[in-house]
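**Q** Quick one: structure below, then a few questions.
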Amino acid sequence: MPPVISGHNVNVWYNGLHALKDASLEIAERQITAFIGASGSGKSTLLRCLNRMLDTIPTARATGEIFYRGQNVFAPDMDVMALRRRVGMVFQNPTPFPKSIYDNIAYGLELQGYVNRRRIGLLRRQPIDPQAMAASTDRLDRAVMQSLQDAALWDEVKDRLHKSALGLSGGQQQRLCIARSITVQPDVLLLDEPCSELDPISTRKIEDFLLALKRDYTIVIVTHNMHQARRISDETCFFHLGELIEQGPTGVVFATPRHPLTRDYLSGAFG
Amino acid sequence: MVRRRESIYFFLFRFVAYVAVGFLVLVVLLLVKLGADALSLTFLTKPWSHRDIASGGIIQAIAGSFYLGLGIVVVGVPLGVATAIYLVEYSRENVWKRIIELAIQNLASVPSVVYGLFGFAVFVNLLRFGSSLLSAVLVLSMMVMPWVITAAVEALKSVPRRWRESSLALGASRWSTIRRIVLPAAMPGIITGSIIGLARALGETAPIIIVGATFYMNGLPTSVFDKFMTLPYHTFILATQHADPKAPSYAAATAVVLIGLTFCMSVGAMVLRTLYRRRREW
Ligand SMILES: Nc1ncnc2c1ncn2[C@@H]1O[C@H](COP(=O)(O)OP(=O)(O)OP(=O)(O)O)[C@@H](O)[C@H]1O
Ligand SMILES: [Mg+2]
């Protein structure tokens with residue numbers, strides 16, 4: 001199977017700071033690829049290249065080539081909005097919008113023209129009845145419910161769908177954010193340290209969620225947690241000072257790293 | 001020792017706060033006392049009668065000020081908010097942006113009469129809008145824009161960057177992100193800034209005398225090209241230009257109505273702000 005995403009000699013500069021040096025990688029379909037490496041080694045930078053979120057940093061400049069299913073991601077005529085619908089992203093801090101739980105999940109589909117009949121307005125604030133939701137044939141209702149169920153969040157939030165998402169716990173917020181990004185049915189999901197602020201139980205829930213998502217999605221996850229990389233990833237990329245040192249199957253990279261730097265990092269992380 | 005100093009400062013600050021509030025209450029009480037005889041339903045709803053001021057009211061002045069306020073809300077506030085959106089969301093950090101920001105800062109401190117003179121030259125004469133409501137609305141809109149822009153820029157900047165990023169990462173356009181995520185979050189701040197600007201503009205006399213306010217007219221303005229009366233100018237005329245012994249009392253009553261109008265706007269803004277906040281916390 002050809003890789004979903006392949007990058008060749010990607011370089012990124014922030015105002016002259018060379019943050020990513022000649023990185024080349026391949027991301028396989030329906031696999032979880034982990035980015036590991038020390039702080040500041042360029043993991044987030046490469047991740048942001050994959051769906052052009054780097055564009056949101058005015059000082060950043062990128063060269064090289066990235067192909068997503070044959071399309072040149074860096075091409076000037078790339079439809080960036082369409083790309084981001086196919087290659088979604090979840091950030092380190094949970095970032096629910098200051099909207100109701102329902103409206104948070106619905107937002108991505110509303111952008112695509114779905115009509116939200118349950119939106120909380122300035123004056124209109126109808127509670128949402130979970131039974132009515134479950135029985136509803138409205139396509140937005142169905143999509144929202146499906147996402148929440150996939151995220152194993154439905155039972156926790158079904159009685160407060162109309163309430164602000166900011167009232168959820170950190171772990172719930174992060175699962176909500178992942179649910180929000182899969183509602184638009186992307187192809188690839190990029191996650192930048194999604195569990196770094198969460199307790200072990202919430203982390204575990206998200207890992208299970210990601211493993212379940214693997215059936216339908218291609219996933220790239222940045223993590224500082226070696227155990228996590230080992231537990232869930234199929235492929236591992238090791239970064240050091242802006243260079244992508246080594247990519248390989250997770251088992252192989254962890255058991256017999258090719259590069260001395262990788263070996264040092266992994267042993268340091270365990271010792 | 002430290003405790004003692006602390007409590008002295010605390011007392012001082014509280015004292016200053018009370019003095020400030022006290023002044024405000026005093027002014028309002030004084031005006032109400034002075035104008036109490038004049039305040040009546042007739043006064044609020046009947047047209048102005050120049051010969052016998054007791055038989056008429058100030059409806060033209062109320063209507064004039066109301067139209068001006070409406071005009072500013074329709075013209076000045078949206079232009080100001082749009083400028084702020086451009087500055088915060090779209091423009092890149094460069095010399096142009098610095099120049100625009102500097103211009104806005106300086107415009108905020110230009111005396112209002114200068115705006116009046118500009119309006120007289122440009123709107124009244126050059127564009128031939130004449131001495132009219134339209135010219136006055138444009139002048140006051142220009143005047144409030146720097147204040148609205150400053151408030152809106154602050155409000156927009158305080159919206160967390162990660163909300164914008166999350167929205168863009170879902171495939172939203174920049175405009176959808178602004179309209180659906182950023183603006184609603186910034187709204188309370190924008191409303192507060194706009195209302196303060198609006199209230200200050202409605203209290204202005206100098207610039208609008210130059211471009212169309214009149215001290216007497218028959219009936220209400222029927223088009224944007226008509227002249228108009230306003231509450232502050234009417235207060236000024238009654239207080240200084242009218243021979244009737246009851247005039248000072250009527251001036252005070254007019255001032256009370258003006259204060260009432262701005263007070264209503266503040267309350268309206270507060271209600272709106274609360275609605276926006278409640279939606280977030282609901
Ligand atoms: N917006 C930015 N402006 C300037 N420099 C940046 C910016 N973002 C990152 N950098 C720099 O680029 C380098 C790589 O950063 P990056 O965020 O990709 O590292 P990372 O591997 O994700 O680190 P972490 O594990 O701490 O998240 C660092 O030296 C960082 O200081
Ligand atoms: Mg990072």
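Scheme for the structure tokens: letters A, B, ... for chains in order shown; per-chain residue numbers from 1; ligand numbers from 1 in order shown.
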Please report as a list of chain:residue names which residues of chain A come no farther than 7 Å from chain B, using only C-alpha atoms.

**A** A:Met81, A:Ala82, A:Arg84, A:Arg85, A:Gly88, A:Met89, A:Thr95, A:Phe97, A:Pro98, A:Lys99, A:Gly108, A:Leu111, A:Leu122, A:Lys163, A:Ser164, A:Ser181

**Q** Would you mind exporting the chosen residues as a PDB file, in the first residue's frame, restricted to N, CA, C and O atoms?

**A**
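Resulting contents of part-v2.pdb:
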ATOM      1  N   MET A  81      -8.330  24.570   2.968  1.00  0.00           N
ATOM      2  CA  MET A  81      -9.481  24.218   3.789  1.00  0.00           C
ATOM      3  C   MET A  81      -9.902  22.775   3.558  1.00  0.00           C
ATOM      4  O   MET A  81     -10.209  22.036   4.496  1.00  0.00           O
ATOM      5  N   ALA A  82      -9.885  22.360   2.295  1.00  0.00           N
ATOM      6  CA  ALA A  82     -10.245  20.976   1.983  1.00  0.00           C
ATOM      7  C   ALA A  82      -9.207  20.025   2.575  1.00  0.00           C
ATOM      8  O   ALA A  82      -9.557  18.979   3.129  1.00  0.00           O
ATOM      9  N   ARG A  84      -7.432  20.453   5.245  1.00  0.00           N
ATOM     10  CA  ARG A  84      -7.586  20.336   6.697  1.00  0.00           C
ATOM     11  C   ARG A  84      -8.836  19.551   7.072  1.00  0.00           C
ATOM     12  O   ARG A  84      -8.920  19.017   8.179  1.00  0.00           O
ATOM     13  N   ARG A  85      -9.805  19.506   6.176  1.00  0.00           N
ATOM     14  CA  ARG A  85     -10.952  18.641   6.461  1.00  0.00           C
ATOM     15  C   ARG A  85     -10.553  17.176   6.347  1.00  0.00           C
ATOM     16  O   ARG A  85     -11.099  16.328   7.028  1.00  0.00           O
ATOM     17  N   GLY A  88      -7.121  16.219   9.896  1.00  0.00           N
ATOM     18  CA  GLY A  88      -7.525  16.999  11.064  1.00  0.00           C
ATOM     19  C   GLY A  88      -6.434  17.078  12.110  1.00  0.00           C
ATOM     20  O   GLY A  88      -5.422  16.376  12.035  1.00  0.00           O
ATOM     21  N   MET A  89      -6.647  17.951  13.096  1.00  0.00           N
ATOM     22  CA  MET A  89      -5.604  18.148  14.100  1.00  0.00           C
ATOM     23  C   MET A  89      -6.199  18.370  15.491  1.00  0.00           C
ATOM     24  O   MET A  89      -7.204  19.055  15.641  1.00  0.00           O
ATOM     25  N   THR A  95      -9.044  22.240  23.620  1.00  0.00           N
ATOM     26  CA  THR A  95      -9.474  23.551  23.152  1.00  0.00           C
ATOM     27  C   THR A  95     -10.935  23.554  22.741  1.00  0.00           C
ATOM     28  O   THR A  95     -11.255  23.895  21.608  1.00  0.00           O
ATOM     29  N   PHE A  97     -14.520  25.005  22.103  1.00  0.00           N
ATOM     30  CA  PHE A  97     -14.993  26.370  21.893  1.00  0.00           C
ATOM     31  C   PHE A  97     -15.930  26.758  23.033  1.00  0.00           C
ATOM     32  O   PHE A  97     -16.532  25.885  23.659  1.00  0.00           O
ATOM     33  N   PRO A  98     -16.072  28.043  23.283  1.00  0.00           N
ATOM     34  CA  PRO A  98     -17.020  28.465  24.321  1.00  0.00           C
ATOM     35  C   PRO A  98     -18.457  28.322  23.833  1.00  0.00           C
ATOM     36  O   PRO A  98     -19.180  29.302  23.678  1.00  0.00           O
ATOM     37  N   LYS A  99     -18.833  27.110  23.530  1.00  0.00           N
ATOM     38  CA  LYS A  99     -20.162  26.804  23.032  1.00  0.00           C
ATOM     39  C   LYS A  99     -20.683  25.598  23.795  1.00  0.00           C
ATOM     40  O   LYS A  99     -19.948  24.996  24.570  1.00  0.00           O
ATOM     41  N   GLY A 108     -17.966  21.614  13.017  1.00  0.00           N
ATOM     42  CA  GLY A 108     -17.271  21.211  11.797  1.00  0.00           C
ATOM     43  C   GLY A 108     -18.233  20.893  10.662  1.00  0.00           C
ATOM     44  O   GLY A 108     -17.970  21.215   9.502  1.00  0.00           O
ATOM     45  N   LEU A 111     -19.984  23.943   9.172  1.00  0.00           N
ATOM     46  CA  LEU A 111     -19.139  24.602   8.172  1.00  0.00           C
ATOM     47  C   LEU A 111     -19.384  24.004   6.795  1.00  0.00           C
ATOM     48  O   LEU A 111     -19.224  24.668   5.778  1.00  0.00           O
ATOM     49  N   LEU A 122     -28.496  33.650  21.684  1.00  0.00           N
ATOM     50  CA  LEU A 122     -28.454  34.611  22.781  1.00  0.00           C
ATOM     51  C   LEU A 122     -29.677  34.443  23.678  1.00  0.00           C
ATOM     52  O   LEU A 122     -29.585  34.509  24.885  1.00  0.00           O
ATOM     53  N   LYS A 163     -25.185  22.195  27.545  1.00  0.00           N
ATOM     54  CA  LYS A 163     -24.380  23.005  28.473  1.00  0.00           C
ATOM     55  C   LYS A 163     -23.010  23.285  27.886  1.00  0.00           C
ATOM     56  O   LYS A 163     -22.524  22.575  27.006  1.00  0.00           O
ATOM     57  N   SER A 164     -22.389  24.311  28.438  1.00  0.00           N
ATOM     58  CA  SER A 164     -21.082  24.727  27.929  1.00  0.00           C
ATOM     59  C   SER A 164     -20.048  23.606  28.028  1.00  0.00           C
ATOM     60  O   SER A 164     -19.938  22.936  29.052  1.00  0.00           O
ATOM     61  N   SER A 181     -13.039  16.531  15.956  1.00  0.00           N
ATOM     62  CA  SER A 181     -12.306  16.475  14.695  1.00  0.00           C
ATOM     63  C   SER A 181     -12.654  15.249  13.866  1.00  0.00           C
ATOM     64  O   SER A 181     -12.441  15.279  12.652  1.00  0.00           O
TER      65      SER A 181
END

**Q** Grab me every residue within 9 Å of ligand 2, counting only C-alpha atoms and all ligand atoms, and send it over as a PyMOL selection string.

**A** chain A and resi 39-45+47+92+192-193+222-223

**Q** Considering only alpha helix (DSSP H) as DSSP defines it on the backbone, what residues of stretch 78-258 of chain A qualify? List them as a VMD selection string.

**A** chain A and resid 80 to 86 101 to 111 130 to 135 139 to 150 154 to 157 170 to 183 200 to 213 226 to 232 250 to 255

**Q** Enumerate, as a VMD selection string, the complete set of residues in stretch 99-195 of chain A that a backbone-based DSSP assignment places in strand (DSSP E).

**A** chain A and resid 188 to 192

**Q** Just to be explicit: take each residue in the selection above, keep N, CA, C and O atoms, and write the result as a short mmCIF file (atom, residue, chain, number, x, y, z; two decimals), in the first residue's frame.

**A**
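Generated file (again.cif):
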data_model
loop_
_atom_site.label_atom_id
_atom_site.label_comp_id
_atom_site.auth_asym_id
_atom_site.auth_seq_id
_atom_site.Cartn_x
_atom_site.Cartn_y
_atom_site.Cartn_z
N VAL A 188 -6.96 11.51 7.92
CA VAL A 188 -5.81 11.45 8.80
C VAL A 188 -6.09 12.32 10.01
O VAL A 188 -6.73 13.36 9.90
N LEU A 189 -5.60 11.88 11.19
CA LEU A 189 -5.77 12.66 12.40
C LEU A 189 -4.39 12.92 13.00
O LEU A 189 -3.63 11.99 13.26
N LEU A 190 -4.06 14.19 13.18
CA LEU A 190 -2.78 14.56 13.78
C LEU A 190 -3.03 14.99 15.21
O LEU A 190 -3.89 15.83 15.47
N LEU A 191 -2.29 14.43 16.15
CA LEU A 191 -2.49 14.79 17.56
C LEU A 191 -1.17 15.24 18.18
O LEU A 191 -0.19 14.49 18.14
N ASP A 192 -1.15 16.44 18.71
CA ASP A 192 0.09 16.98 19.30
C ASP A 192 0.03 16.86 20.82
O ASP A 192 -0.62 17.65 21.48
#

**Q** Would you pick out the contacts of stretch 124-139 of chain A at 8 Å or less, using only C-alpha atoms, so that residues sharing its chain but fewer than 2 positions from it are not included, and give the list as a list in words?

**A**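 Using only C-alpha atoms, the neighbours found are Tyr114, Arg118, Arg119, Ile120, Gly121, Leu122, Asp141, Arg142, Ala143, Met145, Lys158, Asp159, Arg160, Leu161 and His162 of chain A.
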
**Q** By how many Å are atom CA of B:Trp175 and atom 4 (C, counted along the ligand's line) of ligand 1 apart?

**A**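 Going from atom CA of B:Trp175 over to atom 4 (C, counted along the ligand's line) of ligand 1, I get 25.4 Å.
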
**Q** Counting only C-alpha atoms, what is within 9 Å of stretch 251-256 of chain A, bar same-chain residues fewer than 5 positions away, as a list of chain:residue names?

**A**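 Counting only the stated atoms, we get A:Arg230, A:Asp234, A:Glu235, A:Thr236, A:Cys237, A:Phe238, A:Glu246, A:Thr262, A:Arg263, A:Leu266.
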
**Q** In Å, rounded to a single decimal, give me how far atom CA of B:Ile178 is from atom CA of B:Ala152.

**A**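 About the pair atom CA of B:Ala152 and atom CA of B:Ile178: they are 13.0 Å apart.
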
**Q** Output as a Markdown table one row per residue of chain A within 12 Å of ligand 1: the closest atom pair and its distance in Å to one decimal place, counting only C-alpha atoms and all ligand atoms, sorted by chain and residue number ascending.

**A**
| residue | atom | partner | partner_atom_place_in_ligand_line | distance |
| --- | --- | --- | --- | --- |
| A:Asn11 | CA | ligand 1 | 12 (O) | 11.3 |
| A:Val12 | CA | ligand 1 | 12 (O) | 8.5 |
| A:Trp13 | CA | ligand 1 | 12 (O) | 7.8 |
| A:Tyr14 | CA | ligand 1 | 4 (C) | 4.8 |
| A:Asn15 | CA | ligand 1 | 4 (C) | 6.8 |
| A:Gly16 | CA | ligand 1 | 4 (C) | 9.0 |
| A:Leu17 | CA | ligand 1 | 5 (N) | 6.8 |
| A:His18 | CA | ligand 1 | 12 (O) | 7.4 |
| A:Ala19 | CA | ligand 1 | 13 (C) | 4.4 |
| A:Leu20 | CA | ligand 1 | 14 (C) | 6.9 |
| A:Lys21 | CA | ligand 1 | 14 (C) | 10.4 |
| A:Phe35 | CA | ligand 1 | 21 (O) | 8.5 |
| A:Ile36 | CA | ligand 1 | 21 (O) | 7.8 |
| A:Gly37 | CA | ligand 1 | 21 (O) | 6.4 |
| A:Ala38 | CA | ligand 1 | 25 (O) | 5.8 |
| A:Ser39 | CA | ligand 1 | 26 (O) | 3.6 |
| A:Gly40 | CA | ligand 1 | 19 (O) | 3.4 |
| A:Ser41 | CA | ligand 1 | 21 (O) | 3.9 |
| A:Gly42 | CA | ligand 1 | 18 (O) | 3.2 |
| A:Lys43 | CA | ligand 1 | 21 (O) | 3.8 |
| A:Ser44 | CA | ligand 1 | 22 (O) | 3.6 |
| A:Thr45 | CA | ligand 1 | 18 (O) | 3.6 |
| A:Leu46 | CA | ligand 1 | 18 (O) | 6.6 |
| A:Leu47 | CA | ligand 1 | 18 (O) | 8.0 |
| A:Arg48 | CA | ligand 1 | 18 (O) | 8.4 |
| A:Cys49 | CA | ligand 1 | 18 (O) | 10.1 |
| A:Met53 | CA | ligand 1 | 1 (N) | 11.3 |
| A:Leu54 | CA | ligand 1 | 1 (N) | 8.8 |
| A:Asp55 | CA | ligand 1 | 1 (N) | 10.5 |
| A:Thr56 | CA | ligand 1 | 1 (N) | 9.1 |
| A:Ile57 | CA | ligand 1 | 1 (N) | 5.8 |
| A:Pro58 | CA | ligand 1 | 1 (N) | 8.1 |
| A:Thr59 | CA | ligand 1 | 3 (N) | 6.5 |
| A:Ala60 | CA | ligand 1 | 3 (N) | 7.0 |
| A:Arg61 | CA | ligand 1 | 3 (N) | 10.5 |
| A:Phe91 | CA | ligand 1 | 27 (O) | 10.6 |
| A:Gln92 | CA | ligand 1 | 27 (O) | 8.7 |
| A:Asn93 | CA | ligand 1 | 27 (O) | 11.5 |
| A:Leu191 | CA | ligand 1 | 22 (O) | 11.2 |
| A:Asp192 | CA | ligand 1 | 27 (O) | 7.8 |
| A:Glu193 | CA | ligand 1 | 27 (O) | 7.6 |
| A:Pro194 | CA | ligand 1 | 27 (O) | 11.1 |
| A:Ser196 | CA | ligand 1 | 25 (O) | 10.2 |
| A:Ile221 | CA | ligand 1 | 22 (O) | 11.1 |
| A:Val222 | CA | ligand 1 | 22 (O) | 7.7 |
| A:Thr223 | CA | ligand 1 | 25 (O) | 7.6 |
| A:His224 | CA | ligand 1 | 25 (O) | 6.8 |
| A:Asn225 | CA | ligand 1 | 25 (O) | 10.6 |
| A:Cys237 | CA | ligand 1 | 21 (O) | 11.5 |
| A:Phe238 | CA | ligand 1 | 21 (O) | 10.0 |
| A:Phe239 | CA | ligand 1 | 21 (O) | 7.3 |
| A:His240 | CA | ligand 1 | 21 (O) | 8.2 |
| A:Leu241 | CA | ligand 1 | 14 (C) | 7.7 |
| A:Gly242 | CA | ligand 1 | 14 (C) | 6.5 |
| A:Glu243 | CA | ligand 1 | 14 (C) | 10.0 |
| A:Leu244 | CA | ligand 1 | 21 (O) | 10.5 |
